$ cat upload.pdb   # PDB, C-alpha atoms and all ligand atoms
ATOM      1  CA  MET A 153     -17.884  27.600  -3.082
ATOM      2  CA  ARG A 154     -19.410  25.163  -5.617
ATOM      3  CA  PHE A 155     -17.585  21.904  -6.343
ATOM      4  CA  ASN A 156     -16.314  22.850  -9.819
ATOM      5  CA  GLU A 157     -15.160  26.239  -8.600
ATOM      6  CA  LYS A 158     -13.375  24.540  -5.697
ATOM      7  CA  CYS A 159     -11.558  22.159  -8.057
ATOM      8  CA  GLU A 160     -10.404  25.024 -10.300
ATOM      9  CA  PHE A 161      -9.224  26.957  -7.237
ATOM     10  CA  LEU A 162      -7.231  23.917  -5.992
ATOM     11  CA  LYS A 163      -5.635  23.343  -9.400
ATOM     12  CA  GLU A 164      -4.455  26.973  -9.541
ATOM     13  CA  LEU A 165      -3.262  26.811  -5.952
ATOM     14  CA  ILE A 166      -1.134  23.686  -6.357
ATOM     15  CA  LEU A 167       0.513  25.241  -9.443
ATOM     16  CA  SER A 168       1.435  28.342  -7.386
ATOM     17  CA  ALA A 169       2.747  26.176  -4.531
ATOM     18  CA  GLY A 170       5.126  24.509  -7.003
ATOM     19  CA  GLU A 171       7.110  27.752  -7.188
ATOM     20  CA  ILE A 172       8.281  27.213  -3.595
ATOM     21  CA  MET A 173       9.961  23.942  -4.639
ATOM     22  CA  ARG A 174      11.319  25.287  -7.920
ATOM     23  CA  SER A 175      12.962  28.312  -6.308
ATOM     24  CA  ALA A 176      14.460  26.412  -3.335
ATOM     25  CA  ASP A 177      18.097  27.054  -2.426
ATOM     26  CA  LEU A 178      19.297  23.467  -2.017
ATOM     27  CA  ALA A 179      22.892  24.489  -1.264
ATOM     28  CA  ARG A 180      21.995  25.627   2.254
ATOM     29  CA  GLU A 181      22.954  22.870   4.741
ATOM     30  CA  ASP A 182      20.615  24.230   7.433
ATOM     31  CA  MET A 183      17.443  23.792   5.339
ATOM     32  CA  VAL A 184      17.195  20.069   6.298
ATOM     33  CA  GLN A 185      16.178  18.481   9.590
ATOM     34  CA  SER A 186      15.988  14.786  10.479
ATOM     35  CA  LYS A 187      12.655  13.269  11.610
ATOM     36  CA  GLY A 188      14.065   9.748  12.097
ATOM     37  CA  SER A 189      16.172   7.187  10.257
ATOM     38  CA  ALA A 190      16.386   8.166   6.554
ATOM     39  CA  ASN A 191      13.440  10.535   7.149
ATOM     40  CA  PHE A 192      13.949  14.264   6.523
ATOM     41  CA  VAL A 193      11.984  17.469   6.387
ATOM     42  CA  THR A 194      13.100  20.754   4.872
ATOM     43  CA  GLU A 195      11.934  24.295   5.403
ATOM     44  CA  TYR A 196      10.397  24.031   1.913
ATOM     45  CA  ASP A 197       8.131  21.143   3.011
ATOM     46  CA  LEU A 198       6.971  23.380   5.876
ATOM     47  CA  ALA A 199       6.599  26.478   3.695
ATOM     48  CA  THR A 200       4.592  24.603   1.039
ATOM     49  CA  GLN A 201       2.297  23.075   3.652
ATOM     50  CA  GLU A 202       1.774  26.440   5.375
ATOM     51  CA  PHE A 203       1.038  28.150   2.046
ATOM     52  CA  LEU A 204      -1.574  25.546   1.050
ATOM     53  CA  ILE A 205      -3.291  25.483   4.456
ATOM     54  CA  LYS A 206      -3.383  29.299   4.668
ATOM     55  CA  LYS A 207      -4.803  29.838   1.172
ATOM     56  CA  ILE A 208      -7.373  27.037   1.478
ATOM     57  CA  SER A 209      -8.481  28.244   4.944
ATOM     58  CA  GLU A 210      -8.958  31.778   3.603
ATOM     59  CA  ALA A 211     -11.167  30.485   0.770
ATOM     60  CA  ILE A 212     -12.955  27.746   2.762
ATOM     61  CA  PRO A 213     -12.993  28.735   6.465
ATOM     62  CA  THR A 214     -14.548  25.389   7.536
ATOM     63  CA  ALA A 215     -11.792  23.344   5.856
ATOM     64  CA  ARG A 216     -10.014  20.674   7.919
ATOM     65  CA  PHE A 217      -6.559  19.298   7.144
ATOM     66  CA  ILE A 218      -4.522  16.127   7.400
ATOM     67  CA  ALA A 219      -0.974  17.033   6.394
ATOM     68  CA  GLU A 220       2.352  15.282   6.793
ATOM     69  CA  GLU A 221       4.251  17.970   8.698
ATOM     70  CA  LYS A 222       1.693  18.641  11.444
ATOM     71  CA  GLU A 223      -0.215  16.851  14.220
ATOM     72  CA  ASN A 224      -3.352  15.224  12.797
ATOM     73  CA  ASN A 225      -6.729  14.020  14.018
ATOM     74  CA  ASN A 226      -8.745  11.491  12.003
ATOM     75  CA  GLU A 227     -11.975  13.270  12.969
ATOM     76  CA  ALA A 228     -11.110  15.647  10.118
ATOM     77  CA  LEU A 229     -11.960  12.857   7.641
ATOM     78  CA  SER A 230     -15.685  13.137   8.371
ATOM     79  CA  ALA A 231     -15.750  16.896   7.647
ATOM     80  CA  GLU A 232     -17.452  18.312   4.548
ATOM     81  CA  ASP A 233     -14.027  19.458   3.233
ATOM     82  CA  CYS A 234     -10.988  17.559   4.507
ATOM     83  CA  PHE A 235      -7.773  18.278   2.610
ATOM     84  CA  ILE A 236      -5.033  15.641   2.702
ATOM     85  CA  ILE A 237      -1.654  17.164   1.897
ATOM     86  CA  ASP A 238       1.830  15.881   1.245
ATOM     87  CA  PRO A 239       3.657  19.196   0.730
ATOM     88  CA  ILE A 240       6.679  17.538  -0.886
ATOM     89  CA  ASP A 241       6.523  13.862  -1.792
ATOM     90  CA  GLY A 242       9.992  12.624  -2.603
ATOM     91  CA  THR A 243      11.811  14.783  -0.050
ATOM     92  CA  ALA A 244      15.016  12.706  -0.287
ATOM     93  CA  ASN A 245      15.060  13.325  -4.070
ATOM     94  CA  PHE A 246      14.380  17.015  -3.426
ATOM     95  CA  ILE A 247      17.250  17.393  -0.945
ATOM     96  CA  ASN A 248      19.689  15.646  -3.297
ATOM     97  CA  GLY A 249      18.721  17.819  -6.257
ATOM     98  CA  LEU A 250      17.085  14.924  -8.146
ATOM     99  CA  LYS A 251      14.234  16.768  -9.805
ATOM    100  CA  HIS A 252      11.613  14.089  -9.215
ATOM    101  CA  SER A 253       9.293  15.215  -6.416
ATOM    102  CA  CYS A 254       5.760  16.579  -6.271
ATOM    103  CA  ILE A 255       2.950  18.076  -4.218
ATOM    104  CA  SER A 256      -0.010  15.807  -3.473
ATOM    105  CA  LEU A 257      -3.437  17.148  -2.505
ATOM    106  CA  ALA A 258      -6.716  15.257  -2.052
ATOM    107  CA  LEU A 259     -10.156  16.521  -1.044
ATOM    108  CA  VAL A 260     -12.210  14.091   1.025
ATOM    109  CA  SER A 261     -15.839  14.969   1.687
ATOM    110  CA  ARG A 262     -17.466  13.055   4.584
ATOM    111  CA  GLY A 263     -15.012  10.179   4.153
ATOM    112  CA  VAL A 264     -15.249   9.993   0.335
ATOM    113  CA  THR A 265     -12.471  11.284  -1.930
ATOM    114  CA  VAL A 266     -13.921  13.675  -4.516
ATOM    115  CA  PHE A 267     -10.824  15.396  -5.962
ATOM    116  CA  GLY A 268      -7.131  14.609  -6.219
ATOM    117  CA  ALA A 269      -4.192  16.523  -7.686
ATOM    118  CA  ILE A 270      -0.494  15.697  -7.976
ATOM    119  CA  TYR A 271       1.819  18.377  -9.340
ATOM    120  CA  ASP A 272       5.376  17.902 -10.576
ATOM    121  CA  PRO A 273       6.764  21.455 -10.690
ATOM    122  CA  TYR A 274       9.886  20.451 -12.635
ATOM    123  CA  PHE A 275       8.057  19.001 -15.645
ATOM    124  CA  ASN A 276       5.050  21.262 -15.060
ATOM    125  CA  GLU A 277       2.781  18.207 -15.044
ATOM    126  CA  LEU A 278      -0.543  18.424 -13.215
ATOM    127  CA  PHE A 279      -2.302  15.084 -12.787
ATOM    128  CA  TYR A 280      -5.815  15.457 -11.400
ATOM    129  CA  ALA A 281      -9.214  13.800 -11.179
ATOM    130  CA  LYS A 282     -12.733  14.793 -10.155
ATOM    131  CA  ARG A 283     -15.176  12.177  -8.896
ATOM    132  CA  GLY A 284     -16.973  10.523 -11.821
ATOM    133  CA  GLU A 285     -15.311  12.756 -14.426
ATOM    134  CA  GLY A 286     -12.138  10.793 -15.213
ATOM    135  CA  ALA A 287      -8.461  11.627 -14.800
ATOM    136  CA  TYR A 288      -6.368  14.243 -16.598
ATOM    137  CA  LEU A 289      -2.775  15.279 -17.173
ATOM    138  CA  ASN A 290      -2.559  18.977 -18.039
ATOM    139  CA  GLU A 291      -6.236  18.829 -19.155
ATOM    140  CA  LYS A 292      -5.779  15.786 -21.440
ATOM    141  CA  PRO A 293      -7.613  12.569 -20.388
ATOM    142  CA  ILE A 294      -5.362   9.774 -19.082
ATOM    143  CA  HIS A 295      -5.963   6.038 -18.650
ATOM    144  CA  THR A 296      -4.126   3.154 -17.035
ATOM    145  CA  SER A 297      -2.142   0.928 -19.415
ATOM    146  CA  SER A 298      -3.098  -2.436 -20.897
ATOM    147  CA  ARG A 299       0.456  -3.866 -20.927
ATOM    148  CA  GLU A 300       0.866  -7.238 -19.202
ATOM    149  CA  GLY A 301       3.516  -9.871 -18.540
ATOM    150  CA  ASP A 302       6.967  -9.079 -19.917
ATOM    151  CA  ARG A 303       5.706  -5.819 -21.449
ATOM    152  CA  ALA A 304       4.903  -4.516 -17.960
ATOM    153  CA  LEU A 305       7.131  -2.164 -15.916
ATOM    154  CA  VAL A 306       6.823  -2.369 -12.139
ATOM    155  CA  VAL A 307       7.597   0.677  -9.993
ATOM    156  CA  PHE A 308       7.849   0.148  -6.255
ATOM    157  CA  GLY A 309       8.585   1.883  -2.967
ATOM    158  CA  SER A 310      10.927   0.470  -0.338
ATOM    159  CA  SER A 311       9.081   1.761   2.767
ATOM    160  CA  PRO A 312      12.386   3.408   3.791
ATOM    161  CA  TYR A 313      11.089   4.491   7.205
ATOM    162  CA  CYS A 314      10.314   0.844   8.162
ATOM    163  CA  LYS A 315      13.128  -0.923   6.358
ATOM    164  CA  ASP A 316      14.017  -3.074   9.399
ATOM    165  CA  THR A 317      10.693  -4.940   9.093
ATOM    166  CA  LEU A 318       9.569  -4.269   5.520
ATOM    167  CA  GLY A 319      12.891  -4.304   3.644
ATOM    168  CA  ALA A 320      13.093  -8.102   3.384
ATOM    169  CA  PRO A 321       9.478  -8.759   2.223
ATOM    170  CA  THR A 322       9.796  -5.874  -0.248
ATOM    171  CA  LEU A 323      12.900  -7.418  -1.801
ATOM    172  CA  THR A 324      11.270 -10.876  -1.943
ATOM    173  CA  LEU A 325       8.326  -9.445  -3.823
ATOM    174  CA  ILE A 326      10.461  -7.349  -6.137
ATOM    175  CA  GLU A 327      12.476 -10.441  -7.086
ATOM    176  CA  ARG A 328       9.216 -12.193  -8.015
ATOM    177  CA  CYS A 329       8.115  -9.149 -10.008
ATOM    178  CA  LEU A 330      11.399  -9.132 -11.936
ATOM    179  CA  ASP A 331      10.665 -12.733 -12.875
ATOM    180  CA  ALA A 332       6.958 -12.281 -13.708
ATOM    181  CA  PHE A 333       7.008  -8.878 -15.440
ATOM    182  CA  GLY A 334       9.323  -6.972 -17.794
ATOM    183  CA  ASP A 335      11.474  -4.868 -15.440
ATOM    184  CA  ILE A 336      11.475  -2.858 -12.195
ATOM    185  CA  ARG A 337      12.058   0.790 -11.220
ATOM    186  CA  ARG A 338      12.474   2.736  -7.925
ATOM    187  CA  LEU A 339      12.078   6.484  -8.505
ATOM    188  CA  GLY A 340      11.540   7.809  -4.947
ATOM    189  CA  SER A 341       8.139   9.527  -4.951
ATOM    190  CA  ALA A 342       5.126   7.334  -4.189
ATOM    191  CA  ALA A 343       2.656  10.002  -5.299
ATOM    192  CA  LEU A 344       4.368  10.409  -8.686
ATOM    193  CA  ASP A 345       4.604   6.609  -9.027
ATOM    194  CA  LEU A 346       0.812   6.480  -8.625
ATOM    195  CA  ALA A 347       0.273   9.399 -11.012
ATOM    196  CA  TYR A 348       2.421   7.593 -13.601
ATOM    197  CA  ILE A 349       0.317   4.426 -13.176
ATOM    198  CA  ALA A 350      -2.775   6.548 -13.875
ATOM    199  CA  ALA A 351      -1.098   7.976 -16.990
ATOM    200  CA  GLY A 352      -0.124   4.509 -18.267
ATOM    201  CA  ARG A 353       3.626   5.171 -17.938
ATOM    202  CA  PHE A 354       3.992   2.328 -15.441
ATOM    203  CA  ASP A 355       1.887  -0.800 -15.240
ATOM    204  CA  LEU A 356       2.186  -1.820 -11.589
ATOM    205  CA  PHE A 357       3.057  -0.273  -8.243
ATOM    206  CA  PHE A 358       3.469  -1.570  -4.733
ATOM    207  CA  GLU A 359       4.772  -0.329  -1.412
ATOM    208  CA  LEU A 360       4.200  -2.260   1.807
ATOM    209  CA  LYS A 361       3.493   0.785   3.975
ATOM    210  CA  LEU A 362       2.424   4.270   3.010
ATOM    211  CA  SER A 363       0.703   7.108   4.842
ATOM    212  CA  VAL A 364      -2.549   8.628   3.690
ATOM    213  CA  TRP A 365      -0.845  11.802   2.380
ATOM    214  CA  ASP A 366       1.355   9.618   0.136
ATOM    215  CA  PHE A 367      -1.537   7.824  -1.572
ATOM    216  CA  ALA A 368      -4.873   9.694  -1.121
ATOM    217  CA  ALA A 369      -4.669  11.721  -4.344
ATOM    218  CA  GLY A 370      -2.858   9.004  -6.330
ATOM    219  CA  GLU A 371      -5.311   6.243  -5.459
ATOM    220  CA  PHE A 372      -8.223   8.426  -6.508
ATOM    221  CA  ILE A 373      -6.590   9.510  -9.792
ATOM    222  CA  ILE A 374      -5.798   5.871 -10.671
ATOM    223  CA  ARG A 375      -9.408   4.805 -10.037
ATOM    224  CA  GLU A 376     -10.718   7.624 -12.207
ATOM    225  CA  ALA A 377      -8.183   6.548 -14.880
ATOM    226  CA  GLY A 378      -9.665   3.026 -14.884
ATOM    227  CA  GLY A 379      -7.116   1.221 -12.681
ATOM    228  CA  ALA A 380      -7.320  -0.985  -9.602
ATOM    229  CA  VAL A 381      -5.904  -0.187  -6.132
ATOM    230  CA  SER A 382      -5.978  -2.248  -2.939
ATOM    231  CA  GLN A 383      -3.992  -3.361   0.087
ATOM    232  CA  LEU A 384      -1.951  -6.579   0.112
ATOM    233  CA  ARG A 385      -4.936  -8.916   0.638
ATOM    234  CA  GLY A 386      -7.224  -7.011  -1.698
ATOM    235  CA  GLU A 387      -8.840  -4.809   0.972
ATOM    236  CA  PRO A 388      -9.630  -1.176   0.074
ATOM    237  CA  LEU A 389      -7.051   1.400   1.223
ATOM    238  CA  SER A 390      -7.704   2.913   4.657
ATOM    239  CA  LEU A 391      -7.686   6.709   4.968
ATOM    240  CA  ASP A 392      -7.448   6.567   8.777
ATOM    241  CA  ARG A 393      -4.142   4.666   9.140
ATOM    242  CA  PRO A 394      -1.042   3.725   7.102
ATOM    243  CA  CYS A 395      -1.445   0.704   4.835
ATOM    244  CA  SER A 396       0.118  -1.223   1.952
ATOM    245  CA  VAL A 397      -0.710  -0.042  -1.572
ATOM    246  CA  PHE A 398      -0.937  -2.289  -4.649
ATOM    247  CA  ALA A 399      -1.992  -0.606  -7.892
ATOM    248  CA  GLY A 400      -2.131  -1.183 -11.623
ATOM    249  CA  ASN A 401      -4.439  -2.122 -14.432
ATOM    250  CA  ALA A 402      -6.974  -4.776 -13.375
ATOM    251  CA  ALA A 403      -5.237  -7.853 -14.853
ATOM    252  CA  ASN A 404      -1.776  -6.933 -13.579
ATOM    253  CA  HIS A 405      -3.102  -5.973 -10.165
ATOM    254  CA  LYS A 406      -4.683  -9.435  -9.721
ATOM    255  CA  ARG A 407      -1.438 -11.146 -10.781
ATOM    256  CA  LEU A 408       0.600  -8.986  -8.365
ATOM    257  CA  LEU A 409      -1.661  -9.883  -5.428
ATOM    258  CA  GLU A 410      -1.268 -13.582  -6.351
ATOM    259  CA  LEU A 411       2.536 -13.202  -6.289
ATOM    260  CA  ALA A 412       2.215 -11.694  -2.800
ATOM    261  CA  THR A 413      -0.141 -14.248  -1.188
ATOM    262  CA  ASP A 414       2.505 -15.590   1.237
ATOM    263  CA  ILE A 415       4.113 -12.179   1.935
ATOM    264  CA  LYS A 416       3.625 -11.203   5.589
ATOM    265  CA  ILE A 417       3.841  -7.617   6.843
TER     266      ILE A 417
HETATM  267  C1  LIG B 501       8.162   9.053   0.698
HETATM  268  C2  LIG B 501       8.282   8.819  -0.786
HETATM  269  C3  LIG B 501       8.959   7.502  -1.056
HETATM  270  C4  LIG B 501       8.275   6.352  -0.373
HETATM  271  C5  LIG B 501       8.112   6.625   1.100
HETATM  272  C6  LIG B 501       7.384   7.930   1.310
HETATM  273  P1  LIG B 501       8.245  11.585   1.535
HETATM  274  O1  LIG B 501       7.479  10.259   0.959
HETATM  275  O2  LIG B 501       7.023   8.800  -1.381
HETATM  276  O3  LIG B 501       8.973   7.197  -2.426
HETATM  277  O4  LIG B 501       9.010   5.182  -0.546
HETATM  278  O5  LIG B 501       7.401   5.544   1.685
HETATM  279  O6  LIG B 501       7.224   8.161   2.686
HETATM  280  O7  LIG B 501       8.761  11.241   2.897
HETATM  281  O8  LIG B 501       9.297  11.926   0.565
HETATM  282  O9  LIG B 501       7.102  12.562   1.574
HETATM  283 CA    CA B 502       5.266  11.266   1.018
HETATM  284 CA    CA B 503       6.488  14.540   2.305
END

$ encode --input "upload.pdb" --output "structure tokens"
Amino acid sequence: MRFNEKCEFLKELILSAGEIMRSADLAREDMVQSKGSANFVTEYDLATQEFLIKKISEAIPTARFIAEEKENNNEALSAEDCFIIDPIDGTANFINGLKHSCISLALVSRGVTVFGAIYDPYFNELFYAKRGEGAYLNEKPIHTSSREGDRALVVFGSSPYCKDTLGAPTLTLIERCLDAFGDIRRLGSAALDLAYIAAGRFDLFFELKLSVWDFAAGEFIIREAGGAVSQLRGEPLSLDRPCSVFAGNAANHKRLLELATDIKI
């Protein structure tokens, strides 16, 4: 399958997968299982992941996958077509009936991200980017914002699965952000936070630890939308292990890293 054809196929596929989330019966107590402290998985996470892997494998038999709800091997990253999937990002929102969750899908080819898509099935918003061709929301071009200082809104993640170690530094940094920028938000889906940065709805994002399925598509879409993304000390994000994520427009991103120079994680 040619690259453009592949991208169109993936866009259609992620829209179809959204129906699994939209039609979920959230009243059923037995749909949720615990994976650890404050960390849950539902049968809809598993169904969405299975649907995506099955359909992609049928179309691209050599495809490899890194997906949240399965065992993974980083060797997949060097494949011609490695798909990185978060079947539901914002599972806690999903379980509670807060309609702010999404599906995140990135295509990495021999270690380089070439396509990313984030779909919010509740607002029917598809954020996507193709390498070198810019970023789009429902086919309209999007760009990161130019707001700075007290015009800027910061959205952040609390690294809820590592709150014993990362809760305190997160709160220190968020207090500094409240002082340096306009206001703060915590919405509960890292992938949508990143998509909203790309669309200029938020101006800054940080979370001290995220997994590759949380950020692979979002990082790529932000870059194609003109924004900056790095780890805490300015290093590029690592696809082969969890890392911190700092994102925004270039000026804000630099200021945020300065505010975090003495933060230790
Ligand atoms: C989580 C969400 C949340 C973020 C966590 C992620 P999940 O993903 O993106 O906003 O703070 O770090 O793990 O578990 O809902 O897929
Ligand atoms: Ca996630
Ligand atoms: Ca998830």

$ resolve_selection --input "upload.pdb" --expression "the PyMOL selection byres (((chain A and resi 397) around 10) and not hetatm)" --output "list in words"
Phe308, Gly309, Ala342, Leu346, Phe357, Phe358, Glu359, Leu360, Lys361, Leu362, Ser363, Phe367, Glu371, Val381, Ser382, Gln383, Leu384, Gly386, Glu387, Pro388, Leu389, Ser390, Pro394, Cys395, Ser396, Phe398 and Ala399 of chain A

$ residues_near_ligand --input "upload.pdb" --ligand "ligand CA 503 (chain B)" --cutoff "6 Å" --atoms "only C-alpha atoms and all ligand atoms" --output "PyMOL selection string"
chain A and resi 238-241+243

$ atom_distance --input "upload.pdb" --atom1 "atom O3 of ligand LIG 501 (chain B)" --atom2 "atom CA of A:Asp355"
16.7 Å

$ resolve_selection --input "upload.pdb" --expression "the PyMOL selection byres (((not hetatm)) within 12 of (chain B and resi 502))" --output "PDB file with C-alpha atoms, keeping the file's coordinate frame"
ATOM      1  CA  ASN A 191      13.440  10.535   7.149  1.00  0.00           C
ATOM      2  CA  PHE A 192      13.949  14.264   6.523  1.00  0.00           C
ATOM      3  CA  VAL A 193      11.984  17.469   6.387  1.00  0.00           C
ATOM      4  CA  ASP A 197       8.131  21.143   3.011  1.00  0.00           C
ATOM      5  CA  ALA A 219      -0.974  17.033   6.394  1.00  0.00           C
ATOM      6  CA  GLU A 220       2.352  15.282   6.793  1.00  0.00           C
ATOM      7  CA  GLU A 221       4.251  17.970   8.698  1.00  0.00           C
ATOM      8  CA  ILE A 236      -5.033  15.641   2.702  1.00  0.00           C
ATOM      9  CA  ILE A 237      -1.654  17.164   1.897  1.00  0.00           C
ATOM     10  CA  ASP A 238       1.830  15.881   1.245  1.00  0.00           C
ATOM     11  CA  PRO A 239       3.657  19.196   0.730  1.00  0.00           C
ATOM     12  CA  ILE A 240       6.679  17.538  -0.886  1.00  0.00           C
ATOM     13  CA  ASP A 241       6.523  13.862  -1.792  1.00  0.00           C
ATOM     14  CA  GLY A 242       9.992  12.624  -2.603  1.00  0.00           C
ATOM     15  CA  THR A 243      11.811  14.783  -0.050  1.00  0.00           C
ATOM     16  CA  ALA A 244      15.016  12.706  -0.287  1.00  0.00           C
ATOM     17  CA  ASN A 245      15.060  13.325  -4.070  1.00  0.00           C
ATOM     18  CA  PHE A 246      14.380  17.015  -3.426  1.00  0.00           C
ATOM     19  CA  SER A 253       9.293  15.215  -6.416  1.00  0.00           C
ATOM     20  CA  CYS A 254       5.760  16.579  -6.271  1.00  0.00           C
ATOM     21  CA  ILE A 255       2.950  18.076  -4.218  1.00  0.00           C
ATOM     22  CA  SER A 256      -0.010  15.807  -3.473  1.00  0.00           C
ATOM     23  CA  LEU A 257      -3.437  17.148  -2.505  1.00  0.00           C
ATOM     24  CA  ILE A 270      -0.494  15.697  -7.976  1.00  0.00           C
ATOM     25  CA  GLY A 309       8.585   1.883  -2.967  1.00  0.00           C
ATOM     26  CA  SER A 311       9.081   1.761   2.767  1.00  0.00           C
ATOM     27  CA  PRO A 312      12.386   3.408   3.791  1.00  0.00           C
ATOM     28  CA  TYR A 313      11.089   4.491   7.205  1.00  0.00           C
ATOM     29  CA  GLY A 340      11.540   7.809  -4.947  1.00  0.00           C
ATOM     30  CA  SER A 341       8.139   9.527  -4.951  1.00  0.00           C
ATOM     31  CA  ALA A 342       5.126   7.334  -4.189  1.00  0.00           C
ATOM     32  CA  ALA A 343       2.656  10.002  -5.299  1.00  0.00           C
ATOM     33  CA  LEU A 344       4.368  10.409  -8.686  1.00  0.00           C
ATOM     34  CA  ASP A 345       4.604   6.609  -9.027  1.00  0.00           C
ATOM     35  CA  LEU A 346       0.812   6.480  -8.625  1.00  0.00           C
ATOM     36  CA  GLU A 359       4.772  -0.329  -1.412  1.00  0.00           C
ATOM     37  CA  LYS A 361       3.493   0.785   3.975  1.00  0.00           C
ATOM     38  CA  LEU A 362       2.424   4.270   3.010  1.00  0.00           C
ATOM     39  CA  SER A 363       0.703   7.108   4.842  1.00  0.00           C
ATOM     40  CA  VAL A 364      -2.549   8.628   3.690  1.00  0.00           C
ATOM     41  CA  TRP A 365      -0.845  11.802   2.380  1.00  0.00           C
ATOM     42  CA  ASP A 366       1.355   9.618   0.136  1.00  0.00           C
ATOM     43  CA  PHE A 367      -1.537   7.824  -1.572  1.00  0.00           C
ATOM     44  CA  ALA A 368      -4.873   9.694  -1.121  1.00  0.00           C
ATOM     45  CA  ALA A 369      -4.669  11.721  -4.344  1.00  0.00           C
ATOM     46  CA  GLY A 370      -2.858   9.004  -6.330  1.00  0.00           C
ATOM     47  CA  PRO A 394      -1.042   3.725   7.102  1.00  0.00           C
TER      48      PRO A 394
END

$ closest_residue --input "upload.pdb" --among "A:Ala380, A:Leu198, A:Ala231, A:Ala350" --to "ligand LIG 501 (chain B)" --atoms "all atoms listed in the file"
A:Leu198

$ resolve_selection --input "upload.pdb" --expression "the PyMOL selection byres (((chain A and resi 375-377) around 8) and not hetatm)" --output "PyMOL selection string"
chain A and resi 281-287+294-296+350-351+371-374+378-381

$ residues_around --input "upload.pdb" --residues "stretch 318-331 of chain A" --least-positions-apart "6" --cutoff "7 Å" --atoms "only C-alpha atoms" --output "JSON, numbers by chain"
{"A": [310, 311, 360, 411, 412, 415, 417]}

$ residues_around --input "upload.pdb" --residues "stretch 159-169 of chain A" --least-positions-apart "2" --cutoff "10 Å" --atoms "only C-alpha atoms" --output "short mmCIF file (atom, residue, chain, number, x, y, z; two decimals) with C-alpha atoms, in the frame of the given file"
data_model
loop_
_atom_site.label_atom_id
_atom_site.label_comp_id
_atom_site.auth_asym_id
_atom_site.auth_seq_id
_atom_site.Cartn_x
_atom_site.Cartn_y
_atom_site.Cartn_z
CA MET A 153 -17.88 27.60 -3.08
CA ARG A 154 -19.41 25.16 -5.62
CA PHE A 155 -17.58 21.90 -6.34
CA ASN A 156 -16.31 22.85 -9.82
CA GLU A 157 -15.16 26.24 -8.60
CA GLU A 171 7.11 27.75 -7.19
CA ILE A 172 8.28 27.21 -3.60
CA MET A 173 9.96 23.94 -4.64
CA ARG A 174 11.32 25.29 -7.92
CA ALA A 199 6.60 26.48 3.70
CA THR A 200 4.59 24.60 1.04
CA GLN A 201 2.30 23.08 3.65
CA GLU A 202 1.77 26.44 5.38
CA PHE A 203 1.04 28.15 2.05
CA LEU A 204 -1.57 25.55 1.05
CA LYS A 207 -4.80 29.84 1.17
CA ILE A 208 -7.37 27.04 1.48
CA ALA A 211 -11.17 30.48 0.77
CA PRO A 239 3.66 19.20 0.73
CA CYS A 254 5.76 16.58 -6.27
CA ILE A 255 2.95 18.08 -4.22
CA SER A 256 -0.01 15.81 -3.47
CA LEU A 257 -3.44 17.15 -2.50
CA ALA A 258 -6.72 15.26 -2.05
CA LEU A 259 -10.16 16.52 -1.04
CA VAL A 266 -13.92 13.68 -4.52
CA PHE A 267 -10.82 15.40 -5.96
CA GLY A 268 -7.13 14.61 -6.22
CA ALA A 269 -4.19 16.52 -7.69
CA ILE A 270 -0.49 15.70 -7.98
CA TYR A 271 1.82 18.38 -9.34
CA ASP A 272 5.38 17.90 -10.58
CA PRO A 273 6.76 21.46 -10.69
CA ASN A 276 5.05 21.26 -15.06
CA GLU A 277 2.78 18.21 -15.04
CA LEU A 278 -0.54 18.42 -13.22
CA PHE A 279 -2.30 15.08 -12.79
CA TYR A 280 -5.82 15.46 -11.40
CA ALA A 281 -9.21 13.80 -11.18
CA LYS A 282 -12.73 14.79 -10.15
#

$ closest_residue --input "upload.pdb" --among "A:Arg299, A:Ile218, A:Leu391, A:Phe333" --to "A:Val264" --atoms "only C-alpha atoms"
A:Leu391

$ closest_residue --input "upload.pdb" --among "A:Asp392, A:Asn248, A:Arg262, A:Leu409" --to "ligand LIG 501 (chain B)" --atoms "all atoms listed in the file"
A:Asn248

$ axis_aligned_box --input "upload.pdb" --around "ligand LIG 501 (chain B)" --padding-each-side "4 Å" --output "lines of an AutoDock Vina configuration file"
center_x = 8.2
center_y = 8.9
center_z = 0.2
size_x = 10.3
size_y = 15.4
size_z = 13.3

$ closest_residue --input "upload.pdb" --among "A:Ala228, A:Ala402, A:Tyr274, A:Val307" --to "A:Ser175" --atoms "all atoms listed in the file"
A:Tyr274

$ atom_distance --input "upload.pdb" --atom1 "atom CA of A:Lys158" --atom2 "atom C3 of ligand LIG 501 (chain B)"
28.5 Å

$ residues_around --input "upload.pdb" --residues "A:Ala215" --least-positions-apart "6" --cutoff "7 Å" --atoms "only C-alpha atoms" --output "list in words"
Ser209, Asp233 and Cys234 of chain A

$ write_last_selection --input "upload.pdb" --atoms "C-alpha atoms" --output "PDB file, in the coordinates of the input"
ATOM      1  CA  SER A 209      -8.481  28.244   4.944  1.00  0.00           C
ATOM      2  CA  ASP A 233     -14.027  19.458   3.233  1.00  0.00           C
ATOM      3  CA  CYS A 234     -10.988  17.559   4.507  1.00  0.00           C
TER       4      CYS A 234
END
